[in-house]
Each structure stands twice: as structure tokens, then as C-alpha cells.
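Quick look at protein_24.pdb (PDB, C-alpha atoms and all ligand atoms):
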ATOM      1  CA  MET A 293     161.660 159.117  74.782  1.00  0.00           C
ATOM      2  CA  LEU A 294     158.337 158.102  76.296  1.00  0.00           C
ATOM      3  CA  HIS A 295     157.717 154.435  77.054  1.00  0.00           C
ATOM      4  CA  ASP A 296     154.622 152.369  77.858  1.00  0.00           C
ATOM      5  CA  ILE A 297     153.114 151.679  81.284  1.00  0.00           C
ATOM      6  CA  THR A 298     154.827 148.470  82.395  1.00  0.00           C
ATOM      7  CA  SER A 299     155.083 148.559  86.203  1.00  0.00           C
ATOM      8  CA  ARG A 300     153.341 149.623  89.387  1.00  0.00           C
ATOM      9  CA  TYR A 301     155.924 152.382  89.614  1.00  0.00           C
ATOM     10  CA  ASP A 302     154.786 153.734  86.215  1.00  0.00           C
ATOM     11  CA  ILE A 303     151.196 153.828  87.500  1.00  0.00           C
ATOM     12  CA  GLU A 304     152.348 155.673  90.638  1.00  0.00           C
ATOM     13  CA  VAL A 305     154.094 158.251  88.470  1.00  0.00           C
ATOM     14  CA  LEU A 306     150.962 158.614  86.330  1.00  0.00           C
ATOM     15  CA  MET A 307     148.638 159.023  89.315  1.00  0.00           C
ATOM     16  CA  ASN A 308     150.920 161.533  91.032  1.00  0.00           C
ATOM     17  CA  ARG A 309     150.895 163.628  87.864  1.00  0.00           C
ATOM     18  CA  PHE A 310     147.148 163.264  87.403  1.00  0.00           C
ATOM     19  CA  TYR A 311     146.284 164.301  90.970  1.00  0.00           C
ATOM     20  CA  GLN A 312     148.753 167.183  90.831  1.00  0.00           C
ATOM     21  CA  LYS A 313     146.486 168.615  88.130  1.00  0.00           C
ATOM     22  CA  ALA A 314     143.122 167.321  89.392  1.00  0.00           C
ATOM     23  CA  LEU A 315     143.468 168.663  92.945  1.00  0.00           C
ATOM     24  CA  THR A 316     143.985 172.221  91.754  1.00  0.00           C
ATOM     25  CA  ASP A 317     141.682 172.047  88.736  1.00  0.00           C
ATOM     26  CA  GLU A 318     139.097 174.813  88.605  1.00  0.00           C
ATOM     27  CA  VAL A 319     136.290 172.492  87.407  1.00  0.00           C
ATOM     28  CA  ILE A 320     136.750 169.344  89.531  1.00  0.00           C
ATOM     29  CA  GLY A 321     139.415 170.192  92.160  1.00  0.00           C
ATOM     30  CA  PHE A 322     136.837 170.988  94.831  1.00  0.00           C
ATOM     31  CA  TYR A 323     135.592 167.386  94.865  1.00  0.00           C
ATOM     32  CA  PHE A 324     138.970 166.294  96.257  1.00  0.00           C
ATOM     33  CA  THR A 325     139.474 169.213  98.628  1.00  0.00           C
ATOM     34  CA  GLU A 326     135.992 170.342  99.714  1.00  0.00           C
ATOM     35  CA  VAL A 327     133.326 167.713  98.940  1.00  0.00           C
ATOM     36  CA  VAL A 328     135.743 165.305 100.643  1.00  0.00           C
ATOM     37  CA  GLN A 329     139.074 166.244 102.172  1.00  0.00           C
ATOM     38  CA  LEU A 330     140.933 163.470 100.494  1.00  0.00           C
ATOM     39  CA  ASN A 331     143.887 161.969 102.342  1.00  0.00           C
ATOM     40  CA  MET A 332     146.188 161.368  99.383  1.00  0.00           C
ATOM     41  CA  GLN A 333     148.483 159.085 101.405  1.00  0.00           C
ATOM     42  CA  LYS A 334     145.532 156.700 101.743  1.00  0.00           C
ATOM     43  CA  HIS A 335     143.909 157.319  98.368  1.00  0.00           C
ATOM     44  CA  LEU A 336     146.964 156.871  96.139  1.00  0.00           C
ATOM     45  CA  PRO A 337     147.630 153.185  96.891  1.00  0.00           C
ATOM     46  CA  ILE A 338     143.900 152.461  96.330  1.00  0.00           C
ATOM     47  CA  ILE A 339     143.785 154.184  92.969  1.00  0.00           C
ATOM     48  CA  VAL A 340     147.105 152.586  91.942  1.00  0.00           C
ATOM     49  CA  ASP A 341     145.610 149.169  92.824  1.00  0.00           C
ATOM     50  CA  PHE A 342     142.583 150.009  90.670  1.00  0.00           C
ATOM     51  CA  TRP A 343     144.711 150.820  87.623  1.00  0.00           C
ATOM     52  CA  GLU A 344     147.096 147.924  88.218  1.00  0.00           C
ATOM     53  CA  ASN A 345     144.077 145.581  87.982  1.00  0.00           C
ATOM     54  CA  ILE A 346     143.130 147.106  84.650  1.00  0.00           C
ATOM     55  CA  LEU A 347     146.555 147.534  83.069  1.00  0.00           C
ATOM     56  CA  LEU A 348     148.770 144.854  84.566  1.00  0.00           C
ATOM     57  CA  ASP A 349     146.223 142.103  85.360  1.00  0.00           C
ATOM     58  CA  ALA A 350     146.663 142.444  89.115  1.00  0.00           C
ATOM     59  CA  HIS A 351     143.911 141.587  91.598  1.00  0.00           C
ATOM     60  CA  TYR A 352     144.517 144.032  94.411  1.00  0.00           C
ATOM     61  CA  TYR A 353     141.532 146.313  93.963  1.00  0.00           C
ATOM     62  CA  GLY A 354     138.325 144.720  95.250  1.00  0.00           C
ATOM     63  CA  ARG A 355     136.261 147.759  96.126  1.00  0.00           C
ATOM     64  CA  ASP A 356     133.279 149.415  94.440  1.00  0.00           C
ATOM     65  CA  PRO A 357     134.152 152.651  92.651  1.00  0.00           C
ATOM     66  CA  MET A 358     130.509 153.301  91.733  1.00  0.00           C
ATOM     67  CA  GLN A 359     129.538 153.412  95.391  1.00  0.00           C
ATOM     68  CA  ALA A 360     132.347 155.847  96.214  1.00  0.00           C
ATOM     69  CA  HIS A 361     131.130 158.187  93.470  1.00  0.00           C
ATOM     70  CA  GLN A 362     127.480 157.692  94.434  1.00  0.00           C
ATOM     71  CA  GLN A 363     128.386 159.156  97.826  1.00  0.00           C
ATOM     72  CA  LEU A 364     130.154 162.078  96.176  1.00  0.00           C
ATOM     73  CA  HIS A 365     127.121 162.604  93.946  1.00  0.00           C
ATOM     74  CA  GLN A 366     124.862 162.763  97.008  1.00  0.00           C
ATOM     75  CA  LYS A 367     127.090 165.373  98.614  1.00  0.00           C
ATOM     76  CA  HIS A 368     127.456 167.486  95.481  1.00  0.00           C
ATOM     77  CA  PRO A 369     125.573 166.352  92.342  1.00  0.00           C
ATOM     78  CA  PHE A 370     127.836 165.645  89.382  1.00  0.00           C
ATOM     79  CA  GLU A 371     127.388 167.459  86.097  1.00  0.00           C
ATOM     80  CA  ALA A 372     128.396 166.199  82.644  1.00  0.00           C
ATOM     81  CA  ALA A 373     131.129 168.862  82.550  1.00  0.00           C
ATOM     82  CA  HIS A 374     132.803 167.313  85.607  1.00  0.00           C
ATOM     83  CA  PHE A 375     133.195 163.986  83.828  1.00  0.00           C
ATOM     84  CA  ASP A 376     134.311 165.615  80.586  1.00  0.00           C
ATOM     85  CA  ARG A 377     136.975 167.507  82.518  1.00  0.00           C
ATOM     86  CA  TRP A 378     138.109 164.431  84.469  1.00  0.00           C
ATOM     87  CA  ILE A 379     138.448 162.437  81.233  1.00  0.00           C
ATOM     88  CA  ALA A 380     140.329 165.262  79.482  1.00  0.00           C
ATOM     89  CA  LEU A 381     142.760 165.708  82.389  1.00  0.00           C
ATOM     90  CA  PHE A 382     143.367 161.990  82.649  1.00  0.00           C
ATOM     91  CA  THR A 383     143.853 161.531  78.912  1.00  0.00           C
ATOM     92  CA  ASP A 384     146.238 164.497  78.659  1.00  0.00           C
ATOM     93  CA  THR A 385     148.277 163.204  81.590  1.00  0.00           C
ATOM     94  CA  VAL A 386     148.628 159.738  80.057  1.00  0.00           C
ATOM     95  CA  SER A 387     149.597 161.163  76.649  1.00  0.00           C
ATOM     96  CA  ALA A 388     152.200 163.494  78.184  1.00  0.00           C
ATOM     97  CA  SER A 389     153.875 160.663  80.097  1.00  0.00           C
ATOM     98  CA  PHE A 390     153.485 157.334  78.295  1.00  0.00           C
ATOM     99  CA  VAL A 391     153.203 155.844  74.818  1.00  0.00           C
ATOM    100  CA  GLY A 392     152.140 152.324  73.860  1.00  0.00           C
ATOM    101  CA  PRO A 393     149.331 149.757  74.016  1.00  0.00           C
ATOM    102  CA  LYS A 394     148.844 150.009  77.803  1.00  0.00           C
ATOM    103  CA  ALA A 395     148.750 153.789  77.623  1.00  0.00           C
ATOM    104  CA  GLU A 396     146.027 153.448  74.985  1.00  0.00           C
ATOM    105  CA  ILE A 397     144.080 151.016  77.175  1.00  0.00           C
ATOM    106  CA  ALA A 398     144.345 153.447  80.119  1.00  0.00           C
ATOM    107  CA  LYS A 399     142.807 156.237  78.018  1.00  0.00           C
ATOM    108  CA  GLN A 400     140.089 153.981  76.616  1.00  0.00           C
ATOM    109  CA  ARG A 401     139.104 152.689  80.048  1.00  0.00           C
ATOM    110  CA  ALA A 402     139.098 156.177  81.564  1.00  0.00           C
ATOM    111  CA  TYR A 403     136.783 157.252  78.771  1.00  0.00           C
ATOM    112  CA  SER A 404     134.470 154.240  79.026  1.00  0.00           C
ATOM    113  CA  ILE A 405     134.197 154.213  82.826  1.00  0.00           C
ATOM    114  CA  GLY A 406     133.821 158.004  82.878  1.00  0.00           C
ATOM    115  CA  THR A 407     131.038 157.726  80.309  1.00  0.00           C
ATOM    116  CA  VAL A 408     129.255 154.992  82.276  1.00  0.00           C
ATOM    117  CA  MET A 409     129.422 157.170  85.413  1.00  0.00           C
ATOM    118  CA  LYS A 410     128.112 160.133  83.463  1.00  0.00           C
ATOM    119  CA  MET A 411     125.162 158.073  82.219  1.00  0.00           C
ATOM    120  CA  LYS A 412     124.434 156.674  85.646  1.00  0.00           C
ATOM    121  CA  PHE A 413     124.626 159.885  87.631  1.00  0.00           C
ATOM    122  CA  ILE A 414     123.379 162.447  85.184  1.00  0.00           C
ATOM    123  CA  TYR A 415     121.011 160.876  82.710  1.00  0.00           C
ATOM    124  CA  HIS A 416     119.420 158.297  85.045  1.00  0.00           C
ATOM    125  CA  HIS A 417     117.848 159.799  88.100  1.00  0.00           C
ATOM    126  CA  GLU A 418     117.025 157.101  90.618  1.00  0.00           C
TER     127      GLU A 418
HETATM  128  C1  LIG B 501     133.677 163.800  87.777  1.00  0.00           C
HETATM  129  C2  LIG B 501     134.732 162.962  87.744  1.00  0.00           C
HETATM  130  C3  LIG B 501     135.341 162.394  88.995  1.00  0.00           C
HETATM  131  C4  LIG B 501     135.556 162.987  90.209  1.00  0.00           C
HETATM  132  C5  LIG B 501     135.292 164.441  90.610  1.00  0.00           C
HETATM  133  C6  LIG B 501     136.119 161.991  91.090  1.00  0.00           C
HETATM  134  C7  LIG B 501     136.476 162.187  92.401  1.00  0.00           C
HETATM  135  C8  LIG B 501     136.833 161.207  93.292  1.00  0.00           C
HETATM  136  C9  LIG B 501     137.022 161.379  94.721  1.00  0.00           C
HETATM  137  C10 LIG B 501     136.875 162.701  95.474  1.00  0.00           C
HETATM  138  C11 LIG B 501     137.318 160.174  95.237  1.00  0.00           C
HETATM  139  C12 LIG B 501     137.582 159.838  96.710  1.00  0.00           C
HETATM  140  C13 LIG B 501     136.316 159.366  97.376  1.00  0.00           C
HETATM  141  C14 LIG B 501     136.557 159.064  98.829  1.00  0.00           C
HETATM  142  O1  LIG B 501     137.516 158.317  99.154  1.00  0.00           O
HETATM  143  O2  LIG B 501     135.788 159.550  99.674  1.00  0.00           O
HETATM  144  C15 LIG B 501     137.352 159.225  94.144  1.00  0.00           C
HETATM  145  C16 LIG B 501     137.645 157.883  94.277  1.00  0.00           C
HETATM  146  C17 LIG B 501     137.878 157.049  93.206  1.00  0.00           C
HETATM  147  N1  LIG B 501     137.746 157.365  91.873  1.00  0.00           N
HETATM  148 FE1  LIG B 501     136.971 159.059  91.142  1.00  0.00          FE
HETATM  149  N2  LIG B 501     136.238 160.805  90.396  1.00  0.00           N
HETATM  150  C18 LIG B 501     135.787 161.011  89.115  1.00  0.00           C
HETATM  151  C19 LIG B 501     135.759 160.071  88.100  1.00  0.00           C
HETATM  152  C20 LIG B 501     136.377 158.845  88.155  1.00  0.00           C
HETATM  153  C21 LIG B 501     136.513 157.923  87.047  1.00  0.00           C
HETATM  154  C22 LIG B 501     135.996 158.188  85.624  1.00  0.00           C
HETATM  155  C23 LIG B 501     137.166 156.834  87.515  1.00  0.00           C
HETATM  156  C24 LIG B 501     137.601 155.574  86.790  1.00  0.00           C
HETATM  157  C25 LIG B 501     138.036 155.554  85.543  1.00  0.00           C
HETATM  158  C26 LIG B 501     137.430 157.048  88.917  1.00  0.00           C
HETATM  159  C27 LIG B 501     138.048 156.159  89.767  1.00  0.00           C
HETATM  160  C28 LIG B 501     138.074 156.254  91.136  1.00  0.00           C
HETATM  161  C29 LIG B 501     138.441 155.169  92.035  1.00  0.00           C
HETATM  162  C30 LIG B 501     138.892 153.759  91.635  1.00  0.00           C
HETATM  163  C31 LIG B 501     138.315 155.659  93.340  1.00  0.00           C
HETATM  164  C32 LIG B 501     138.562 154.907  94.649  1.00  0.00           C
HETATM  165  C33 LIG B 501     137.222 154.412  95.194  1.00  0.00           C
HETATM  166  C34 LIG B 501     137.449 153.549  96.417  1.00  0.00           C
HETATM  167  O3  LIG B 501     137.639 152.337  96.227  1.00  0.00           O
HETATM  168  O4  LIG B 501     137.469 154.084  97.528  1.00  0.00           O
HETATM  169  N3  LIG B 501     136.937 158.288  89.262  1.00  0.00           N
HETATM  170  N4  LIG B 501     137.032 159.869  92.978  1.00  0.00           N
END
Kindly present the structure from the file in C-alpha cells form.
Amino acid sequence: MLHDITSRYDIEVLMNRFYQKALTDEVIGFYFTEVVQLNMQKHLPIIVDFWENILLDAHYYGRDPMQAHQQLHQKHPFEAAHFDRWIALFTDTVSASFVGPKAEIAKQRAYSIGTVMKMKFIYHHE
């Protein structure tokens, strides 16, 4: 039976599953493999910190995700479809692996942050 996200280990499991799909995804995979050649050994602890802040009230992540994506956007402009795909992949991965209040928060935050990024990069041209 599926359980909720309650530990850093759970977040590691979730992120490993998410990136397994994202890296080979036909819509967004190239961002991780071509736009940048992401070193997953380095990236995974950072992204796990990010989600541990959100889900388990940790304070490890102190970086600026908007800036990281701004740089990606400059290298290869984002389209709405990229964010829709990212959100769908993330949401599906959470639902396939975990059930409970934290799992719901993870999906809500992915949706809200993804939507903010979409607004910023696609509908506001600076
Ligand atoms: C179109 C959708 C997205 C794509 C293609 C994408 C891709 C990437 C890539 C390639 C990186 C690595 C950048 C680098 O280290 O050079 C990255 C970093 C990151 N992404 Fe995304 N991302 C997307 C949406 C999101 C969303 C919606 C969130 C949050 C809910 C998110 C959270 C993060 C975080 C926290 C980092 C680490 C930034 C840092 O501190 O270095 N991403 N993303």
C-alpha cells in the first residue's frame, strides 16, 4: 500500500523516479541532456533539499530556482507546453508513489510554482 512522504529518503525515491522519466521525456528531456548536461550526482541533493524545505520544513535549500530557470530560458526559450509536461510528469510520479497530505502538497506546489514560471517566462517578456 502507498504511504505519504515522511522522510528525506522518500523524497530521494520520488526524485529518482521523476528524473528517470524527465530525462528521457520527448517534450522536456533535452533541457536536462542538451540545453545543460546535467550532472545528476550534483543535482539530486539540491533538488531533494528544495523539496525537503517545502514538505518537511527543512532549511537546506537557499538558492534561487527562478535564476536557474532564467538561464535555461535564455539558452532555449521555454514554451507553455514544457511547463504543462513538467507538471504532468511530476504529478503522475507523485500519485504513482505516495498517498497523503504531503503528497497532495507536493502536487499543489509543483503546479503553483510551475504556473508562476510559465507566467514569468512566457507571458511576461522582459
Ligand atoms: C519546463 C519545466 C522545467 C524544466 C525543463 C526544468 C529543467 C531544469 C534543469 C535543466 C535544471 C538544472 C539547471 C542547472 O543546474 O543548470 C533545473 C533546476 C531546478 N529546477 Fe527545474 N525545470 C522545470 C520546472 C521546474 C519547476 C516547476 C520547479 C519547481 C516546482 C523546478 C525546480 C527546480 C529546482 C529547485 C532546481 C535547482 C536550481 C538550483 O538551485 O540550482 N523546475 N530545472
Contacts of region 308-313 of chain A at 8 Å (only C-alpha atoms; same-chain gap of 5+ positions) as a list of chain:residue names: A:Leu336, A:Leu381, A:Phe382, A:Thr385
Separation of CA of Ile405 (chain A) from atom C22 of ligand LIG 501 (chain B) in Å: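 Separation of atom C22 of ligand LIG 501 (chain B) and CA of Ile405 (chain A): 5.2 Å.
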Within-6 Å residues of ligand LIG 501 (chain B), basis all atoms listed in the file, as number ranges by chain: A: 320, 323-324, 328, 339, 342, 355-357, 360, 374-375, 378, 402, 405-406
I need the output of the PyMOL selection byres (((chain A and resi 348) around 12) and not hetatm) for this file as an MDAnalysis selection string; which residues are they? chainID A and resid 296:303 340:347 349:353 393:395 397:398
So which residues are close to (129.1, 163.8, 92.9), meaning at most 12 Å away in the file's coordinates with all atoms listed in the file counted, and can you show them as a ChimeraX atom specification? /A:320,322-324,326-328,358-375,409-410,412-414
Quote the spacing between CA of Tyr415 (chain A) and CA of Gln400 (chain A) in Å to one decimal place.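 Between these atoms lies a distance of 21.2 Å.
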Please output region 367-389 of chain A, rebuilt to include N, CA and C atoms, as a PDB file, in the frame of the given file.
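Produced file selection38.pdb, reproduced below:
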ATOM      1  N   LYS A 367     126.592 164.170  97.922  1.00  0.00           N
ATOM      2  CA  LYS A 367     127.090 165.373  98.614  1.00  0.00           C
ATOM      3  C   LYS A 367     127.068 166.590  97.694  1.00  0.00           C
ATOM      4  N   HIS A 368     127.432 166.381  96.452  1.00  0.00           N
ATOM      5  CA  HIS A 368     127.456 167.486  95.481  1.00  0.00           C
ATOM      6  C   HIS A 368     127.185 166.906  94.102  1.00  0.00           C
ATOM      7  N   PRO A 369     125.939 167.029  93.596  1.00  0.00           N
ATOM      8  CA  PRO A 369     125.573 166.352  92.342  1.00  0.00           C
ATOM      9  C   PRO A 369     126.547 166.614  91.184  1.00  0.00           C
ATOM     10  N   PHE A 370     126.944 165.538  90.536  1.00  0.00           N
ATOM     11  CA  PHE A 370     127.836 165.645  89.382  1.00  0.00           C
ATOM     12  C   PHE A 370     127.108 166.283  88.210  1.00  0.00           C
ATOM     13  N   GLU A 371     127.879 166.946  87.380  1.00  0.00           N
ATOM     14  CA  GLU A 371     127.388 167.459  86.097  1.00  0.00           C
ATOM     15  C   GLU A 371     128.229 166.821  84.989  1.00  0.00           C
ATOM     16  N   ALA A 372     127.670 166.793  83.780  1.00  0.00           N
ATOM     17  CA  ALA A 372     128.396 166.199  82.644  1.00  0.00           C
ATOM     18  C   ALA A 372     129.780 166.833  82.502  1.00  0.00           C
ATOM     19  N   ALA A 373     129.861 168.138  82.711  1.00  0.00           N
ATOM     20  CA  ALA A 373     131.129 168.862  82.550  1.00  0.00           C
ATOM     21  C   ALA A 373     132.210 168.352  83.501  1.00  0.00           C
ATOM     22  N   HIS A 374     131.806 167.851  84.669  1.00  0.00           N
ATOM     23  CA  HIS A 374     132.803 167.313  85.607  1.00  0.00           C
ATOM     24  C   HIS A 374     133.463 166.075  84.999  1.00  0.00           C
ATOM     25  N   PHE A 375     132.635 165.202  84.422  1.00  0.00           N
ATOM     26  CA  PHE A 375     133.195 163.986  83.828  1.00  0.00           C
ATOM     27  C   PHE A 375     134.017 164.305  82.588  1.00  0.00           C
ATOM     28  N   ASP A 376     133.551 165.244  81.783  1.00  0.00           N
ATOM     29  CA  ASP A 376     134.311 165.615  80.586  1.00  0.00           C
ATOM     30  C   ASP A 376     135.687 166.142  80.993  1.00  0.00           C
ATOM     31  N   ARG A 377     135.706 166.942  82.048  1.00  0.00           N
ATOM     32  CA  ARG A 377     136.975 167.507  82.518  1.00  0.00           C
ATOM     33  C   ARG A 377     137.888 166.419  83.073  1.00  0.00           C
ATOM     34  N   TRP A 378     137.317 165.531  83.892  1.00  0.00           N
ATOM     35  CA  TRP A 378     138.109 164.431  84.469  1.00  0.00           C
ATOM     36  C   TRP A 378     138.754 163.616  83.340  1.00  0.00           C
ATOM     37  N   ILE A 379     137.948 163.260  82.340  1.00  0.00           N
ATOM     38  CA  ILE A 379     138.448 162.437  81.233  1.00  0.00           C
ATOM     39  C   ILE A 379     139.540 163.187  80.465  1.00  0.00           C
ATOM     40  N   ALA A 380     139.331 164.469  80.221  1.00  0.00           N
ATOM     41  CA  ALA A 380     140.329 165.262  79.482  1.00  0.00           C
ATOM     42  C   ALA A 380     141.642 165.353  80.261  1.00  0.00           C
ATOM     43  N   LEU A 381     141.551 165.608  81.562  1.00  0.00           N
ATOM     44  CA  LEU A 381     142.760 165.708  82.389  1.00  0.00           C
ATOM     45  C   LEU A 381     143.512 164.387  82.407  1.00  0.00           C
ATOM     46  N   PHE A 382     142.744 163.309  82.568  1.00  0.00           N
ATOM     47  CA  PHE A 382     143.367 161.990  82.649  1.00  0.00           C
ATOM     48  C   PHE A 382     144.053 161.646  81.324  1.00  0.00           C
ATOM     49  N   THR A 383     143.331 161.862  80.238  1.00  0.00           N
ATOM     50  CA  THR A 383     143.853 161.531  78.912  1.00  0.00           C
ATOM     51  C   THR A 383     145.110 162.344  78.599  1.00  0.00           C
ATOM     52  N   ASP A 384     145.073 163.639  78.899  1.00  0.00           N
ATOM     53  CA  ASP A 384     146.238 164.497  78.659  1.00  0.00           C
ATOM     54  C   ASP A 384     147.436 164.028  79.478  1.00  0.00           C
ATOM     55  N   THR A 385     147.173 163.626  80.723  1.00  0.00           N
ATOM     56  CA  THR A 385     148.277 163.204  81.590  1.00  0.00           C
ATOM     57  C   THR A 385     148.912 161.926  81.056  1.00  0.00           C
ATOM     58  N   VAL A 386     148.079 160.976  80.623  1.00  0.00           N
ATOM     59  CA  VAL A 386     148.628 159.738  80.057  1.00  0.00           C
ATOM     60  C   VAL A 386     149.465 160.072  78.819  1.00  0.00           C
ATOM     61  N   SER A 387     148.898 160.881  77.911  1.00  0.00           N
ATOM     62  CA  SER A 387     149.597 161.163  76.649  1.00  0.00           C
ATOM     63  C   SER A 387     150.911 161.906  76.867  1.00  0.00           C
ATOM     64  N   ALA A 388     150.974 162.723  77.922  1.00  0.00           N
ATOM     65  CA  ALA A 388     152.200 163.494  78.184  1.00  0.00           C
ATOM     66  C   ALA A 388     153.294 162.622  78.800  1.00  0.00           C
ATOM     67  N   SER A 389     152.911 161.450  79.325  1.00  0.00           N
ATOM     68  CA  SER A 389     153.875 160.663  80.097  1.00  0.00           C
ATOM     69  C   SER A 389     154.219 159.308  79.493  1.00  0.00           C
TER      70      SER A 389
END
